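A.B. asks: Got a structure for you, structure_6.txt, holding compact mmCIF, C-alpha atoms (C1' of nucleotides).
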# COMPACT_ATOMS: atom_id res chain seq x y z
CA MET Y 1 -4.02 -34.38 4.49
CA SER Y 2 -6.02 -31.46 3.21
CA GLU Y 3 -6.72 -30.73 6.87
CA PHE Y 4 -3.03 -30.21 7.31
CA GLY Y 5 -2.89 -27.85 4.37
CA ARG Y 6 -5.72 -25.84 5.81
CA LEU Y 7 -3.96 -25.62 9.15
CA LEU Y 8 -0.70 -24.50 7.55
CA GLY Y 9 -2.57 -22.01 5.40
CA SER Y 10 -4.24 -20.33 8.31
CA ILE Y 11 -0.99 -20.09 10.25
CA ALA Y 12 0.73 -18.64 7.19
CA ARG Y 13 -2.09 -16.12 6.78
CA GLY Y 14 -1.32 -14.98 10.32
CA LYS Y 15 2.22 -14.30 9.09
CA HIS Y 16 3.72 -16.89 11.40
CA TYR Y 17 6.02 -18.05 8.66
CA THR Y 18 8.69 -19.60 10.84
CA THR Y 19 6.02 -21.59 12.67
CA VAL Y 20 4.86 -23.01 9.36
CA ILE Y 21 8.41 -23.93 8.43
CA ASP Y 22 8.92 -25.66 11.77
CA LEU Y 23 5.66 -27.53 11.42
CA CYS Y 24 6.67 -28.68 7.96
CA LYS Y 25 9.91 -30.06 9.33
CA GLN Y 26 8.02 -31.96 12.02
CA MET Y 27 5.57 -33.14 9.44
CA GLU Y 28 8.36 -34.49 7.27
CA SER Y 29 10.11 -36.25 10.13
CA SER Y 30 6.88 -37.91 11.19
CA GLY Y 31 6.43 -39.19 7.67
CA ILE Y 32 3.48 -37.09 6.57
CA ALA Y 33 3.81 -36.40 2.87
CA HIS Y 34 3.61 -32.97 1.31
CA ASN Y 35 1.37 -32.20 -1.63
CA VAL Y 36 1.44 -29.32 -4.09
CA HIS Y 37 -0.71 -27.26 -1.76
CA THR Y 38 1.47 -27.61 1.34
CA PHE Y 39 4.64 -27.18 -0.70
CA THR Y 40 3.30 -23.95 -2.12
CA ILE Y 41 2.49 -22.65 1.34
CA LEU Y 42 6.02 -23.50 2.40
CA ILE Y 43 7.47 -21.72 -0.61
CA ASN Y 44 5.39 -18.66 0.18
CA CYS Y 45 6.69 -18.63 3.74
CA PHE Y 46 10.29 -18.74 2.59
CA CYS Y 47 9.57 -15.98 0.07
CA ASN Y 48 8.06 -13.76 2.73
CA LEU Y 49 11.12 -14.27 4.92
CA SER Y 50 13.26 -13.46 1.85
CA HIS Y 51 14.85 -16.87 1.89
CA LEU Y 52 14.59 -17.31 -1.83
CA GLY Y 53 17.22 -20.02 -1.91
CA CYS Y 54 15.11 -22.13 0.42
CA ALA Y 55 12.01 -21.43 -1.64
CA PHE Y 56 13.69 -22.77 -4.75
CA SER Y 57 15.05 -25.77 -2.87
CA VAL Y 58 11.47 -26.62 -2.02
CA LEU Y 59 10.60 -26.32 -5.69
CA ALA Y 60 13.46 -28.69 -6.54
CA LYS Y 61 12.26 -31.15 -3.95
CA MET Y 62 8.77 -31.00 -5.40
CA LEU Y 63 10.03 -31.77 -8.86
CA LYS Y 64 12.18 -34.61 -7.58
CA LEU Y 65 9.10 -36.15 -5.99
CA GLY Y 66 7.33 -35.92 -9.32
CA LEU Y 67 4.86 -33.27 -8.14
CA HIS Y 68 3.86 -30.64 -10.66
CA PRO Y 69 3.94 -27.05 -9.47
CA ASN Y 70 0.79 -25.26 -10.55
CA ALA Y 71 -0.03 -21.67 -11.47
CA ILE Y 72 -0.28 -20.71 -7.81
CA THR Y 73 3.17 -22.14 -7.10
CA PHE Y 74 4.64 -20.13 -9.95
CA THR Y 75 2.83 -16.97 -8.92
CA THR Y 76 4.20 -17.39 -5.43
CA LEU Y 77 7.73 -17.74 -6.79
CA ILE Y 78 7.31 -14.78 -9.11
CA ASN Y 79 6.13 -12.71 -6.19
CA GLY Y 80 9.06 -13.91 -4.09
CA LEU Y 81 11.56 -12.99 -6.80
CA CYS Y 82 10.03 -9.51 -7.05
CA LEU Y 83 10.11 -9.03 -3.28
CA ASP Y 84 13.79 -9.86 -3.41
CA GLY Y 85 14.40 -7.25 -6.11
CA LYS Y 86 14.93 -9.86 -8.83
CA VAL Y 87 12.25 -8.60 -11.16
CA HIS Y 88 14.18 -9.71 -14.24
CA ASP Y 89 14.26 -13.28 -13.03
CA ALA Y 90 10.58 -13.00 -12.22
CA LEU Y 91 9.91 -11.92 -15.79
CA LYS Y 92 11.94 -14.81 -17.14
CA LEU Y 93 9.94 -17.28 -15.09
CA PHE Y 94 6.72 -15.57 -16.11
CA GLU Y 95 7.57 -15.98 -19.76
CA VAL Y 96 7.99 -19.73 -19.61
CA VAL Y 97 4.80 -20.62 -17.77
CA GLU Y 98 1.13 -20.37 -18.67
CA PRO Y 99 0.03 -16.97 -17.35
CA THR Y 100 -3.06 -16.31 -15.27
CA VAL Y 101 -4.62 -13.04 -14.17
CA VAL Y 102 -3.08 -13.25 -10.71
CA MET Y 103 0.30 -14.08 -12.21
CA TYR Y 104 0.08 -10.96 -14.33
CA GLY Y 105 -0.85 -9.10 -11.16
CA ALA Y 106 2.28 -10.30 -9.44
CA VAL Y 107 4.67 -9.29 -12.25
CA ILE Y 108 2.97 -5.97 -12.84
CA ASN Y 109 3.25 -5.25 -9.15
CA GLY Y 110 6.92 -6.17 -9.20
CA LEU Y 111 7.52 -3.91 -12.17
CA CYS Y 112 5.63 -0.92 -10.78
CA LYS Y 113 7.24 -1.22 -7.37
CA SER Y 114 10.71 -1.26 -8.86
CA GLY Y 115 10.19 1.94 -10.81
CA ASN Y 116 9.23 0.27 -14.10
CA ASN Y 117 5.78 1.73 -14.59
CA GLU Y 118 6.27 1.75 -18.35
CA LEU Y 119 6.91 -1.98 -18.45
CA GLY Y 120 3.96 -2.44 -16.14
CA LEU Y 121 1.73 -0.57 -18.56
CA GLN Y 122 3.11 -2.66 -21.43
CA MET Y 123 2.26 -5.80 -19.51
CA LEU Y 124 -1.26 -4.53 -19.01
CA LYS Y 125 -1.62 -4.04 -22.77
CA LYS Y 126 -0.10 -7.44 -23.47
CA MET Y 127 -2.57 -8.96 -21.08
CA GLU Y 128 -5.51 -7.26 -22.73
CA ARG Y 129 -4.33 -8.50 -26.13
CA SER Y 130 -3.92 -12.04 -24.85
CA GLY Y 131 -7.59 -12.19 -23.98
CA LEU Y 132 -7.13 -12.20 -20.22
CA GLU Y 133 -9.27 -9.54 -18.57
CA PRO Y 134 -7.37 -7.33 -16.13
CA ASN Y 135 -9.23 -7.05 -12.85
CA ILE Y 136 -9.44 -4.28 -10.28
CA VAL Y 137 -6.34 -5.50 -8.45
CA ILE Y 138 -4.25 -5.12 -11.59
CA TYR Y 139 -5.63 -1.67 -12.29
CA ASN Y 140 -5.10 -0.52 -8.71
CA THR Y 141 -1.52 -1.72 -8.90
CA ILE Y 142 -0.88 0.34 -12.02
CA ILE Y 143 -2.76 3.36 -10.69
CA ASP Y 144 -0.71 3.26 -7.50
CA GLY Y 145 2.53 3.10 -9.46
CA LEU Y 146 1.56 6.11 -11.54
CA CYS Y 147 0.33 8.10 -8.53
CA LYS Y 148 3.50 7.52 -6.56
CA ASP Y 149 5.42 8.70 -9.60
CA GLY Y 150 3.43 11.93 -9.61
CA ARG Y 151 1.50 10.93 -12.74
CA VAL Y 152 -1.97 11.33 -11.25
CA THR Y 153 -3.46 12.63 -14.49
CA GLU Y 154 -2.38 9.49 -16.31
CA ALA Y 155 -3.71 7.44 -13.43
CA GLU Y 156 -7.07 9.10 -13.90
CA LYS Y 157 -6.97 8.14 -17.57
CA VAL Y 158 -6.34 4.54 -16.59
CA ILE Y 159 -9.41 4.75 -14.36
CA ASP Y 160 -11.47 5.97 -17.30
CA SER Y 161 -10.30 3.18 -19.56
CA MET Y 162 -10.85 0.68 -16.80
CA ASN Y 163 -14.39 1.91 -16.28
CA SER Y 164 -15.09 1.71 -19.99
CA ARG Y 165 -13.93 -1.91 -19.90
CA GLY Y 166 -16.53 -2.55 -17.26
CA VAL Y 167 -14.23 -2.68 -14.25
CA LYS Y 168 -15.49 -0.49 -11.45
CA HIS Y 169 -13.15 1.34 -9.11
CA ASP Y 170 -13.25 0.46 -5.42
CA LEU Y 171 -12.21 1.87 -2.05
CA LEU Y 172 -8.58 1.02 -2.75
CA THR Y 173 -8.66 3.02 -5.95
CA TYR Y 174 -9.76 6.04 -3.95
CA ASN Y 175 -7.15 5.45 -1.29
CA VAL Y 176 -4.39 5.10 -3.84
CA LEU Y 177 -5.43 8.31 -5.60
CA MET Y 178 -5.73 10.24 -2.34
CA ASN Y 179 -2.28 9.07 -1.39
CA GLY Y 180 -1.00 10.27 -4.75
CA PHE Y 181 -2.32 13.74 -4.02
CA CYS Y 182 -1.00 13.66 -0.45
CA LEU Y 183 2.47 12.68 -1.55
CA HIS Y 184 2.61 15.56 -3.97
CA ASN Y 185 1.44 18.40 -1.77
CA GLN Y 186 -2.09 18.53 -3.09
CA MET Y 187 -4.03 18.20 0.12
CA GLU Y 188 -7.02 20.16 -1.18
CA LYS Y 189 -7.47 17.64 -3.99
CA ALA Y 190 -7.00 14.75 -1.59
CA THR Y 191 -9.63 16.14 0.76
CA LYS Y 192 -12.04 16.82 -2.07
CA LEU Y 193 -11.63 13.26 -3.28
CA PHE Y 194 -12.28 11.99 0.22
CA ASP Y 195 -15.59 13.85 0.18
CA VAL Y 196 -16.46 12.50 -3.28
CA MET Y 197 -15.70 9.03 -2.04
CA VAL Y 198 -17.93 9.39 1.01
CA GLY Y 199 -20.61 11.03 -1.14
CA SER Y 200 -20.59 8.00 -3.45
CA GLY Y 201 -21.32 5.73 -0.55
CA TYR Y 202 -17.85 4.36 0.17
CA VAL Y 203 -16.92 3.98 3.81
CA PRO Y 204 -13.41 5.29 4.44
CA ASP Y 205 -11.27 2.79 6.33
CA THR Y 206 -8.13 3.01 8.45
CA PHE Y 207 -6.05 3.30 5.29
CA SER Y 208 -8.11 6.23 4.00
CA TYR Y 209 -7.75 8.11 7.26
CA THR Y 210 -4.09 7.32 7.74
CA ILE Y 211 -3.32 8.46 4.21
CA LEU Y 212 -4.94 11.83 4.84
CA ILE Y 213 -3.46 12.12 8.32
CA ASN Y 214 -0.02 11.46 6.96
CA GLY Y 215 -0.57 14.01 4.22
CA TYR Y 216 -1.44 16.70 6.73
CA LEU Y 217 1.43 15.73 8.99
CA ASN Y 218 3.86 16.08 6.12
CA ILE Y 219 2.91 19.73 5.81
CA GLU Y 220 2.92 20.06 9.59
CA ARG Y 221 -0.82 20.52 9.88
CA ILE Y 222 -0.99 18.71 13.19
CA ASP Y 223 -4.38 20.27 13.95
CA GLU Y 224 -6.06 18.77 10.90
CA ALA Y 225 -4.34 15.43 11.41
CA SER Y 226 -5.61 15.29 14.98
CA ARG Y 227 -9.11 16.22 13.87
CA LEU Y 228 -9.08 13.30 11.42
CA LEU Y 229 -7.78 11.01 14.13
CA SER Y 230 -10.77 11.81 16.34
CA GLU Y 231 -13.09 11.49 13.38
CA MET Y 232 -11.84 8.04 12.54
CA CYS Y 233 -12.14 6.96 16.17
CA ASN Y 234 -15.68 8.30 16.35
CA LYS Y 235 -16.55 6.32 13.25
CA GLY Y 236 -15.31 3.20 14.95
CA TRP Y 237 -11.99 2.76 13.13
CA LEU Y 238 -9.10 2.00 15.42
CA PRO Y 239 -5.88 3.82 14.62
CA ASN Y 240 -3.12 1.26 14.26
CA THR Y 241 0.64 1.31 14.63
CA VAL Y 242 1.05 2.87 11.19
CA THR Y 243 -1.30 5.73 12.09
CA TYR Y 244 0.64 6.48 15.26
CA ASN Y 245 3.96 6.11 13.51
CA ALA Y 246 2.83 8.82 11.12
CA PHE Y 247 2.06 11.03 14.10
CA ILE Y 248 5.43 10.41 15.66
CA GLY Y 249 7.16 11.33 12.42
CA GLY Y 250 5.03 14.41 11.88
CA LEU Y 251 5.39 15.68 15.43
CA CYS Y 252 9.17 15.25 15.34
CA LYS Y 253 9.36 17.01 12.01
CA ALA Y 254 7.40 19.92 13.48
CA GLY Y 255 9.86 20.03 16.39
CA ARG Y 256 7.26 18.78 18.83
CA ILE Y 257 9.47 16.15 20.37
CA HIS Y 258 7.48 16.09 23.55
CA GLY Y 259 4.29 15.29 21.68
CA ALA Y 260 6.04 12.54 19.78
CA GLN Y 261 7.38 11.09 22.99
CA GLU Y 262 3.90 11.11 24.48
CA VAL Y 263 2.52 9.18 21.50
CA PHE Y 264 5.40 6.73 21.74
CA GLU Y 265 4.98 6.15 25.45
CA ASN Y 266 1.28 5.71 25.04
CA MET Y 267 1.93 3.03 22.44
CA CYS Y 268 4.32 1.27 24.79
CA CYS Y 269 1.80 1.28 27.65
CA ASN Y 270 -1.56 0.92 25.95
CA GLY Y 271 -0.84 -0.22 22.43
CA PRO Y 272 -0.94 -0.56 19.56
CA PRO Y 273 2.58 -1.83 20.21
CA PRO Y 274 5.49 -0.05 18.56
CA ASN Y 275 7.06 -1.94 15.69
CA LEU Y 276 10.41 -1.55 13.97
CA ASN Y 277 9.12 1.36 11.92
CA THR Y 278 8.05 3.14 15.09
CA TYR Y 279 11.63 3.05 16.30
CA ILE Y 280 12.98 4.01 12.89
CA THR Y 281 10.64 6.98 12.67
CA PHE Y 282 11.12 8.13 16.24
CA LEU Y 283 14.89 7.71 16.31
CA ASP Y 284 15.26 9.44 12.96
CA GLY Y 285 13.11 12.33 14.17
CA LEU Y 286 15.05 12.62 17.41
CA CYS Y 287 18.42 12.50 15.65
CA LYS Y 288 17.43 15.05 13.02
CA GLN Y 289 16.30 17.41 15.77
CA GLY Y 290 19.50 16.88 17.71
CA HIS Y 291 17.97 15.06 20.68
CA LEU Y 292 20.76 12.53 20.77
CA ASP Y 293 20.52 11.67 24.46
CA LEU Y 294 16.88 10.79 24.14
CA ALA Y 295 17.68 8.87 20.97
CA LEU Y 296 20.20 6.75 22.81
CA THR Y 297 17.70 6.18 25.61
CA VAL Y 298 15.08 4.99 23.12
CA PHE Y 299 17.72 2.82 21.45
CA LYS Y 300 18.39 1.18 24.81
CA LEU Y 301 14.68 0.81 25.49
CA MET Y 302 14.25 -0.83 22.15
CA ARG Y 303 16.66 -3.58 23.08
CA GLU Y 304 15.09 -3.95 26.51
CA ARG Y 305 11.80 -4.51 24.78
CA LYS Y 306 13.40 -7.33 22.78
CA MET Y 307 13.14 -5.46 19.51
CA ASN Y 308 16.31 -6.15 17.56
CA PRO Y 309 17.93 -3.04 16.09
CA THR Y 310 18.66 -3.41 12.40
CA VAL Y 311 21.31 -1.75 10.29
CA VAL Y 312 18.77 0.99 9.50
CA ILE Y 313 18.57 1.87 13.19
CA TYR Y 314 22.35 2.05 13.37
CA ASN Y 315 22.50 4.17 10.22
CA ILE Y 316 20.09 6.67 11.73
CA LEU Y 317 22.12 6.95 14.93
CA ILE Y 318 25.41 7.17 13.05
CA HIS Y 319 24.02 9.95 10.92
CA GLY Y 320 22.73 11.83 13.95
CA MET Y 321 26.02 11.50 15.78
CA PHE Y 322 28.01 12.87 12.86
CA ASN Y 323 25.61 15.74 12.37
CA PHE Y 324 26.09 16.89 15.92
CA GLY Y 325 29.82 16.37 16.18
CA MET Y 326 29.76 13.15 18.16
CA PHE Y 327 31.78 11.28 15.61
CA GLU Y 328 33.49 9.01 18.12
CA VAL Y 329 30.10 7.66 19.11
CA ALA Y 330 29.33 7.19 15.42
CA ARG Y 331 32.50 5.18 14.94
CA GLY Y 332 31.64 3.08 17.97
CA LEU Y 333 28.22 2.34 16.52
CA PHE Y 334 29.79 1.38 13.23
CA LEU Y 335 32.07 -1.09 14.99
CA SER Y 336 29.21 -2.59 16.93
CA LEU Y 337 27.58 -3.53 13.63
CA PHE Y 338 30.40 -6.04 13.24
CA HIS Y 339 30.11 -7.28 16.82
CA LYS Y 340 26.36 -7.72 16.47
CA GLY Y 341 26.76 -9.54 13.18
CA LEU Y 342 24.71 -6.94 11.34
CA LYS Y 343 25.52 -6.49 7.69
CA ARG Y 344 26.53 -2.98 6.64
CA ASN Y 345 24.78 -1.44 3.65
CA ILE Y 346 25.51 1.37 1.21
CA HIS Y 347 23.79 3.91 3.48
CA THR Y 348 26.11 2.96 6.32
CA TYR Y 349 29.23 3.51 4.29
CA ASN Y 350 28.05 6.68 2.62
CA LYS Y 351 27.18 8.23 5.96
CA MET Y 352 30.47 7.12 7.52
CA ILE Y 353 32.62 8.35 4.66
CA SER Y 354 30.97 11.73 4.32
CA GLY Y 355 30.90 12.12 8.10
CA LEU Y 356 34.56 11.27 8.53
CA CYS Y 357 35.52 13.62 5.71
CA LYS Y 358 33.52 16.38 7.33
CA GLU Y 359 35.64 15.88 10.44
CA GLY Y 360 38.82 15.96 8.37
CA LEU Y 361 39.47 12.27 9.04
CA PHE Y 362 40.33 11.55 5.43
CA ASP Y 363 42.55 8.53 6.02
CA ALA Y 364 39.89 6.79 8.05
CA ALA Y 365 37.35 7.59 5.36
CA TYR Y 366 39.62 6.24 2.64
CA GLN Y 367 40.21 3.06 4.60
CA LEU Y 368 36.46 2.45 4.82
CA PHE Y 369 36.09 3.29 1.16
CA ARG Y 370 38.60 0.57 0.35
CA GLN Y 371 36.90 -2.07 2.45
CA MET Y 372 33.49 -1.57 0.86
CA GLU Y 373 33.95 -3.98 -2.02
CA SER Y 374 35.01 -6.86 0.21
CA ASP Y 375 32.20 -6.03 2.63
CA GLY Y 376 29.65 -6.56 -0.10
CA CYS Y 377 28.79 -2.89 -0.57
CA PRO Y 378 30.34 -1.68 -3.82
CA PRO Y 379 30.60 2.12 -3.77
CA ASP Y 380 27.95 4.04 -5.70
CA SER Y 381 28.06 7.48 -7.27
CA TRP Y 382 27.35 9.13 -3.91
CA THR Y 383 30.23 7.30 -2.27
CA TYR Y 384 32.57 8.46 -5.00
CA THR Y 385 31.33 12.01 -4.72
CA ALA Y 386 31.92 12.09 -0.97
CA MET Y 387 35.30 10.38 -1.18
CA LEU Y 388 36.53 12.58 -4.00
CA SER Y 389 35.52 15.70 -2.19
CA GLY Y 390 37.45 14.46 0.84
CA LEU Y 391 40.52 13.68 -1.21
CA HIS Y 392 40.41 17.12 -2.76
CA GLN Y 393 40.12 18.75 0.64
CA SER Y 394 43.20 16.89 1.76
CA ASN Y 395 44.97 17.89 -1.47
CA ASP Y 396 45.63 14.28 -2.34
CA THR Y 397 45.35 14.73 -6.09
CA SER Y 398 47.10 11.52 -7.05
CA THR Y 399 44.70 9.35 -5.08
CA ALA Y 400 41.81 11.46 -6.33
CA ASP Y 401 42.89 10.84 -9.93
CA GLN Y 402 43.16 7.14 -9.28
CA VAL Y 403 39.67 7.05 -7.75
CA LEU Y 404 38.33 9.07 -10.67
CA ARG Y 405 39.76 6.53 -13.11
CA GLU Y 406 38.20 3.64 -11.19
CA MET Y 407 34.93 5.46 -11.24
CA ALA Y 408 35.12 5.94 -15.00
CA ASP Y 409 36.08 2.27 -15.47
CA LYS Y 410 32.95 1.26 -13.62
CA GLY Y 411 30.88 3.58 -15.73
CA ILE Y 412 29.76 5.61 -12.73
CA SER Y 413 29.30 9.33 -13.26
CA ALA Y 414 29.47 12.00 -10.60
CA ASN Y 415 26.46 13.68 -9.09
C1' G H 1 -13.08 -31.54 -8.76
C1' A H 2 -12.15 -27.76 -3.87
C1' U H 3 -15.19 -24.35 2.02
C1' A H 4 -7.38 -25.23 1.44
C1' A H 5 -2.18 -22.10 -0.99
C1' A H 6 -0.67 -16.75 -4.97
C1' A H 7 -1.03 -10.41 -6.96
C1' U H 8 -3.11 -4.06 -5.34
C1' U H 9 -3.40 1.18 -0.86
C1' A H 10 -1.06 4.24 4.66
C1' C H 11 4.16 4.96 8.61
C1' U H 12 9.59 3.16 7.06
C1' C H 13 17.73 5.54 7.15
C1' U H 14 22.29 8.79 3.24
C1' A H 15 24.10 13.05 0.02
Spit out the file's structure as structure tokens when you get a sec.
C.D. replies:
Amino acid sequence: MSEFGRLLGSIARGKHYTTVIDLCKQMESSGIAHNVHTFTILINCFCNLSHLGCAFSVLAKMLKLGLHPNAITFTTLINGLCLDGKVHDALKLFEVVEPTVVMYGAVINGLCKSGNNELGLQMLKKMERSGLEPNIVIYNTIIDGLCKDGRVTEAEKVIDSMNSRGVKHDLLTYNVLMNGFCLHNQMEKATKLFDVMVGSGYVPDTFSYTILINGYLNIERIDEASRLLSEMCNKGWLPNTVTYNAFIGGLCKAGRIHGAQEVFENMCCNGPPPNLNTYITFLDGLCKQGHLDLALTVFKLMRERKMNPTVVIYNILIHGMFNFGMFEVARGLFLSLFHKGLKRNIHTYNKMISGLCKEGLFDAAYQLFRQMESDGCPPDSWTYTAMLSGLHQSNDTSTADQVLREMADKGISAN
RNA sequence: GAUAAAAUUACUCUA
């Protein structure tokens, strides 16, 4: 039985979540019983596929069988709730179970990732008071949240207090800090920190290099990014899909479409294989630079390579088409979302409405605006702004007033 | 009781 758990665990670690779920079904039908361990693995798989409902059904089944979920089960569920954006529910669950260090790690991560650094810091304090010692994972989580928020100085203070509590920083701490500098146009500081890190005996990994590479690419320093790429290769670190995706984005941004295409084609032929983000990055770059024909070719290629376009891919193309006057193509793409069974999101509608208004197609825009609610995408402040501007352009003051009232009723204010 | 299951870093669509 524990053999089975081990098997499931290793498959789950390889991220083959659906395989695990299938195996569990087979296991059940052949009468092999679950235990807390295998149930928890199953819950984690559902969480990682964002099938929270299924995850909680498994929990219910566990309870019905008289099995007691343990701290790991709860941590898994808390993490799943956070991944699904339900941080409040995660907190509620957290409050009714006996906390552990890892459980704190999961909620703090959920809080920091959802823009609640303050609550994350409060949790850290609460944890310290409760007698549980925060570990390096918890500190790195907080430091990352602060760095991404541009609060690198505060992050450095957290490092000091962490050190004085006897927790030593690690390679991740350096990577997180470097990324903080890179994201806020402080490449000199990032580079200096890289040198400090190497000088202290840490061996930079693929993350370290990709962080710096991406930083240089963001300021269009392709030369320096390429130099780092060779350096990392010489040191024996293989650039991965993320590293190349960063190059594709950076090259497109610098207008070097040909270079980006070369990187992309090389990935297709020699690996590492392009993933969804490769297509998102490349298509977005192509569309922003007005290379719509090539974008459509890549879009076709994507489907030939059995990579399923998502709504994000469609949004990018729709946006590109509107920007370069091909609004009929954009409308066609919008319609194919329905044919393909892909759910529209707020980006889709905001792009469509502002695009249609730009073309003077106010009625069409208004029609979409009115279908948003029933399509599960309630308009946000940006939708209202775009729609109102369209209504004003078409001198439809009565509709504009009505929309303004609705907006006020919903407590949404203009941008 | 565990040589099995849980939390942290890079690429990633709109004004």
A.B. asks: Can you check which residues of chain Y have any atom within 6 Å of chain H? Use only C-alpha atoms (C1' of nucleotides) and format it as a list in words.
C.D. replies: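 Residues passing the distance filter: Gly5, Arg6, His37, Thr40, Ile41, Ile72, Thr75, Thr76, Val102, Gly105, Ala106, Val137, Asn140, Thr141, Leu172, Asn175, Val176, Phe207, Thr210, Ile211, Val242, Asn245, Ala246, Asn277, Val312, Asn315, Ile316, His347 and Lys351 of chain Y.
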A.B. asks: For Y:Gly85, list every protein, DNA or RNA residue within 9 Å, evaluated using all atoms listed in the file, and leave out those in the same chain fewer than 5 positions away; present the list as a ChimeraX atom specification.
C.D. replies: /Y:80,110,114
A.B. asks: Just want the 9 Å neighbourhood of stretch 320-324 of chain Y, counted on all atoms listed in the file, with same-chain residues fewer than 5 positions away dropped. Output as JSON, numbers by chain.
C.D. replies: {"Y": [284, 286, 287, 288, 289, 290, 291, 292, 315, 329, 330, 351, 352, 355, 356, 358, 359]}
A.B. asks: One decimal, Å: what's the distance from atom CA of Y:His51 over to atom CA of Y:Ile21, could you say?
C.D. replies: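 Straight-line distance from atom CA of Y:His51 to atom CA of Y:Ile21 works out to 11.6 Å.
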A.B. asks: Smallest atom-to-atom distance to Y:Gly376: which of Y:Leu212, Y:Ala90, Y:Asn345, Y:Ser354, using only C-alpha atoms?
C.D. replies: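 Smallest distance to Y:Gly376 is found for Y:Asn345.
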A.B. asks: Which value, in Å to one decimal, gives the distance between atom CA of Y:Asn350 and atom CA of Y:Pro378?
C.D. replies: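 Rounded to one decimal, the two atoms are 10.8 Å apart.
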A.B. asks: Given all atoms listed in the file as the basis, pick out the residue of Y:Thr241, Y:Ser389, Y:Thr281, Y:Thr73 nearest to Y:Met267.
C.D. replies: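 Nearest candidate to Y:Met267 out of Y:Thr241, Y:Ser389, Y:Thr281, Y:Thr73: Y:Thr241.
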A.B. asks: Would you kindly return, as a PyMOL selection string, each protein, DNA or RNA residue with an atom no farther than 12 Å from any atom of Y:Thr38, considering all atoms listed in the file and excluding same-chain residues fewer than 6 positions away?
C.D. replies: (chain Y and resi 1-12+20-21+23-25+27-28+32+44-45+58-59+62+67+69+72-73) or (chain H and resi 4-5)
A.B. asks: With C-alpha atoms (C1' of nucleotides) retained, could you export that selection as a PDB file, in the coordinates of the input?
C.D. replies:
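Saved to part04.pdb:
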ATOM      1  CA  MET Y   1      -4.020 -34.380   4.490  1.00  0.00           C
ATOM      2  CA  SER Y   2      -6.020 -31.460   3.210  1.00  0.00           C
ATOM      3  CA  GLU Y   3      -6.720 -30.730   6.870  1.00  0.00           C
ATOM      4  CA  PHE Y   4      -3.030 -30.210   7.310  1.00  0.00           C
ATOM      5  CA  GLY Y   5      -2.890 -27.850   4.370  1.00  0.00           C
ATOM      6  CA  ARG Y   6      -5.720 -25.840   5.810  1.00  0.00           C
ATOM      7  CA  LEU Y   7      -3.960 -25.620   9.150  1.00  0.00           C
ATOM      8  CA  LEU Y   8      -0.700 -24.500   7.550  1.00  0.00           C
ATOM      9  CA  GLY Y   9      -2.570 -22.010   5.400  1.00  0.00           C
ATOM     10  CA  SER Y  10      -4.240 -20.330   8.310  1.00  0.00           C
ATOM     11  CA  ILE Y  11      -0.990 -20.090  10.250  1.00  0.00           C
ATOM     12  CA  ALA Y  12       0.730 -18.640   7.190  1.00  0.00           C
ATOM     13  CA  VAL Y  20       4.860 -23.010   9.360  1.00  0.00           C
ATOM     14  CA  ILE Y  21       8.410 -23.930   8.430  1.00  0.00           C
ATOM     15  CA  LEU Y  23       5.660 -27.530  11.420  1.00  0.00           C
ATOM     16  CA  CYS Y  24       6.670 -28.680   7.960  1.00  0.00           C
ATOM     17  CA  LYS Y  25       9.910 -30.060   9.330  1.00  0.00           C
ATOM     18  CA  MET Y  27       5.570 -33.140   9.440  1.00  0.00           C
ATOM     19  CA  GLU Y  28       8.360 -34.490   7.270  1.00  0.00           C
ATOM     20  CA  ILE Y  32       3.480 -37.090   6.570  1.00  0.00           C
ATOM     21  CA  ASN Y  44       5.390 -18.660   0.180  1.00  0.00           C
ATOM     22  CA  CYS Y  45       6.690 -18.630   3.740  1.00  0.00           C
ATOM     23  CA  VAL Y  58      11.470 -26.620  -2.020  1.00  0.00           C
ATOM     24  CA  LEU Y  59      10.600 -26.320  -5.690  1.00  0.00           C
ATOM     25  CA  MET Y  62       8.770 -31.000  -5.400  1.00  0.00           C
ATOM     26  CA  LEU Y  67       4.860 -33.270  -8.140  1.00  0.00           C
ATOM     27  CA  PRO Y  69       3.940 -27.050  -9.470  1.00  0.00           C
ATOM     28  CA  ILE Y  72      -0.280 -20.710  -7.810  1.00  0.00           C
ATOM     29  CA  THR Y  73       3.170 -22.140  -7.100  1.00  0.00           C
TER      30      THR Y  73
ATOM     31  C1'   A H   4      -7.380 -25.230   1.440  1.00  0.00           C
ATOM     32  C1'   A H   5      -2.180 -22.100  -0.990  1.00  0.00           C
TER      33        A H   5
END
